[in-house]
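The structure file query.csv is reproduced below (CSV, C-alpha atoms and all ligand atoms).
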chain,number,residue,atom,x,y,z
A,10,MET,CA,0.0,0.0,0.0
A,11,ALA,CA,1.2,3.5,-0.8
A,12,ASP,CA,1.9,5.9,2.0
A,13,ASN,CA,-0.5,8.7,1.2
A,14,SER,CA,1.0,11.1,3.6
A,15,ALA,CA,4.1,11.3,1.4
A,16,TYR,CA,2.0,12.8,-1.3
A,17,ALA,CA,-0.5,14.8,0.8
A,18,GLN,CA,1.7,17.9,0.8
A,19,THR,CA,2.0,17.9,-3.0
A,20,PHE,CA,-1.7,17.2,-3.3
A,21,ASP,CA,-2.5,20.2,-1.0
A,22,LEU,CA,-0.4,22.4,-3.2
A,23,VAL,CA,-2.4,21.5,-6.3
A,24,ASP,CA,-5.8,21.5,-4.4
A,25,THR,CA,-6.0,25.2,-4.2
A,26,ASP,CA,-9.6,25.4,-3.0
A,27,ASP,CA,-8.9,22.7,-0.3
A,28,ASP,CA,-12.0,20.6,-1.1
A,29,GLY,CA,-9.8,17.4,-1.1
A,30,ARG,CA,-10.2,16.9,-4.8
A,31,ILE,CA,-8.1,18.0,-7.8
A,32,SER,CA,-10.1,19.3,-10.6
A,33,ALA,CA,-9.0,19.8,-14.2
A,34,GLU,CA,-9.0,23.6,-13.5
A,35,GLU,CA,-6.6,23.2,-10.6
A,36,LEU,CA,-4.4,20.9,-12.7
A,37,ARG,CA,-4.3,23.6,-15.3
A,38,ASP,CA,-3.4,26.2,-12.8
A,39,LEU,CA,-0.5,24.0,-11.6
A,40,MET,CA,0.9,23.5,-15.0
A,41,GLU,CA,0.8,27.2,-15.6
A,42,ARG,CA,2.6,27.8,-12.4
A,43,LEU,CA,5.2,25.2,-13.5
A,44,GLY,CA,5.7,27.2,-16.7
A,45,GLU,CA,4.1,24.4,-18.8
A,46,PRO,CA,0.6,25.7,-19.6
A,47,VAL,CA,-1.8,23.1,-21.0
A,48,THR,CA,-5.1,23.4,-22.8
A,49,GLU,CA,-8.4,22.7,-21.0
A,50,GLU,CA,-8.7,19.6,-23.0
A,51,ARG,CA,-5.3,18.2,-22.0
A,52,ALA,CA,-6.0,18.9,-18.4
A,53,ALA,CA,-9.3,17.1,-18.6
A,54,GLU,CA,-7.6,14.2,-20.3
A,55,ALA,CA,-5.0,14.0,-17.5
A,56,VAL,CA,-7.8,14.0,-14.9
A,57,ARG,CA,-9.6,11.2,-16.7
A,58,ALA,CA,-6.3,9.2,-16.8
A,59,LEU,CA,-5.9,9.4,-13.0
A,60,ASP,CA,-9.6,9.3,-12.1
A,61,SER,CA,-10.3,5.6,-11.3
A,62,SER,CA,-13.5,6.3,-9.5
A,63,GLY,CA,-15.1,8.1,-12.4
A,64,ASP,CA,-16.3,11.2,-10.5
A,65,GLY,CA,-14.3,13.5,-12.7
A,66,LEU,CA,-12.0,14.6,-9.9
A,67,ILE,CA,-8.7,13.3,-8.5
A,68,SER,CA,-8.8,12.3,-4.9
A,69,LEU,CA,-5.7,11.9,-2.7
A,70,ASP,CA,-5.9,8.1,-3.1
A,71,GLU,CA,-6.0,8.4,-6.9
A,72,PHE,CA,-3.1,10.9,-6.8
A,73,ALA,CA,-1.0,8.8,-4.5
A,74,ARG,CA,-1.6,5.7,-6.7
A,75,PHE,CA,-0.5,7.6,-9.7
A,76,MET,CA,2.6,9.0,-8.0
A,77,SER,CA,3.7,5.7,-6.5
A,78,GLU,CA,3.3,3.9,-9.9
A,79,ARG,CA,5.3,6.6,-11.6
A,80,THR,CA,8.2,6.4,-9.1
A,81,ALA,CA,8.2,2.7,-8.7
B,1,CA,CA,-9.9,21.3,-5.3
B,2,CA,CA,-12.0,10.2,-8.6

Written as C-alpha cells, that's how I'd like the structure from this file.
Amino acid sequence: MADNSAYAQTFDLVDTDDDGRISAEELRDLMERLGEPVTEERAAEAVRALDSSGDGLISLDEFARFMSERTA
C-alpha cells in the first residue's frame, strides 16, 4: 500500500480550494505555475487518466496511486 502522507503535501499544493479533490481547472493552474501551460482539453484528459472512481476529480488516493506507480 502506498503511504498517502508522502503525497499529501504535494496534493495540497495542487488542491488550491482545499476541497480534497483536484479538478481539471486546478491541474491547469498548476501546469501554468510550473511554466508548462496546457489546454483545458489536455487537463481534462489528465484527470480522466488518473480518475479511477469516475467522478471527474482526482482524490488523494488516486493521486498517490499515480505518483507511486510513476516512481516505482
Ligand atoms: Ca480542489
Ligand atoms: Ca476520482

Within 6 Å of ligand CA 2 (chain B), counting all atoms listed in the file, which protein or nucleic acid residues do you find, written as a PDB file with C-alpha atoms, keeping the file's coordinate frame?
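result-v9.pdb, written as the output of this step:
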ATOM      1  CA  ASP A  60      -9.600   9.300 -12.100  1.00  0.00           C
ATOM      2  CA  SER A  61     -10.300   5.600 -11.300  1.00  0.00           C
ATOM      3  CA  SER A  62     -13.500   6.300  -9.500  1.00  0.00           C
ATOM      4  CA  GLY A  63     -15.100   8.100 -12.400  1.00  0.00           C
ATOM      5  CA  ASP A  64     -16.300  11.200 -10.500  1.00  0.00           C
ATOM      6  CA  GLY A  65     -14.300  13.500 -12.700  1.00  0.00           C
ATOM      7  CA  LEU A  66     -12.000  14.600  -9.900  1.00  0.00           C
ATOM      8  CA  ILE A  67      -8.700  13.300  -8.500  1.00  0.00           C
ATOM      9  CA  SER A  68      -8.800  12.300  -4.900  1.00  0.00           C
TER      10      SER A  68
END

Test item: residues no farther than 7 Å from ligand CA 1 (chain B), counting only C-alpha atoms and all ligand atoms, as number ranges by chain: A: 24-32, 35

Test item: residues at most 9 Å from Asp12 in chain A, all atoms listed in the file, excluding those fewer than 3 positions along its chain, as a ChimeraX atom specification: /A:15-16,73,77

Quick one, how far is CA of Thr80 in chain A from CA of Val23 in chain A? 18.7 Å

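For the point (2.1, 10.8, -6.2), the residues with an atom at a distance of at most 10 Å are A:Ala11, A:Asp12, A:Asn13, A:Ser14, A:Ala15, A:Tyr16, A:Ala17, A:Gln18, A:Thr19, A:Phe20, A:Leu69, A:Asp70, A:Glu71, A:Phe72, A:Ala73, A:Arg74, A:Phe75, A:Met76, A:Ser77, A:Glu78, A:Arg79, A:Thr80, counting all atoms listed in the file.
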
Could you please determine the separation between CA of Leu39 in chain A and CA of Asp21 in chain A in Å, to one decimal place?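 About the pair CA of Leu39 in chain A and CA of Asp21 in chain A: they are 11.4 Å apart.
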
For CA of Ala55 in chain A and CA of Ala33 in chain A, the interatomic separation in Å (one decimal):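 Between CA of Ala55 in chain A and CA of Ala33 in chain A the gap works out to 7.8 Å.
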
Which residues come within 12 Å of Val47 in chain A, counting only C-alpha atoms, excluding same-chain residues fewer than 4 positions away, as a list of chain:residue names?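 The residues that qualify are A:Ala33, A:Glu34, A:Glu35, A:Leu36, A:Arg37, A:Asp38, A:Leu39, A:Met40, A:Glu41, A:Arg42, A:Leu43, A:Arg51, A:Ala52, A:Ala53, A:Glu54, A:Ala55.
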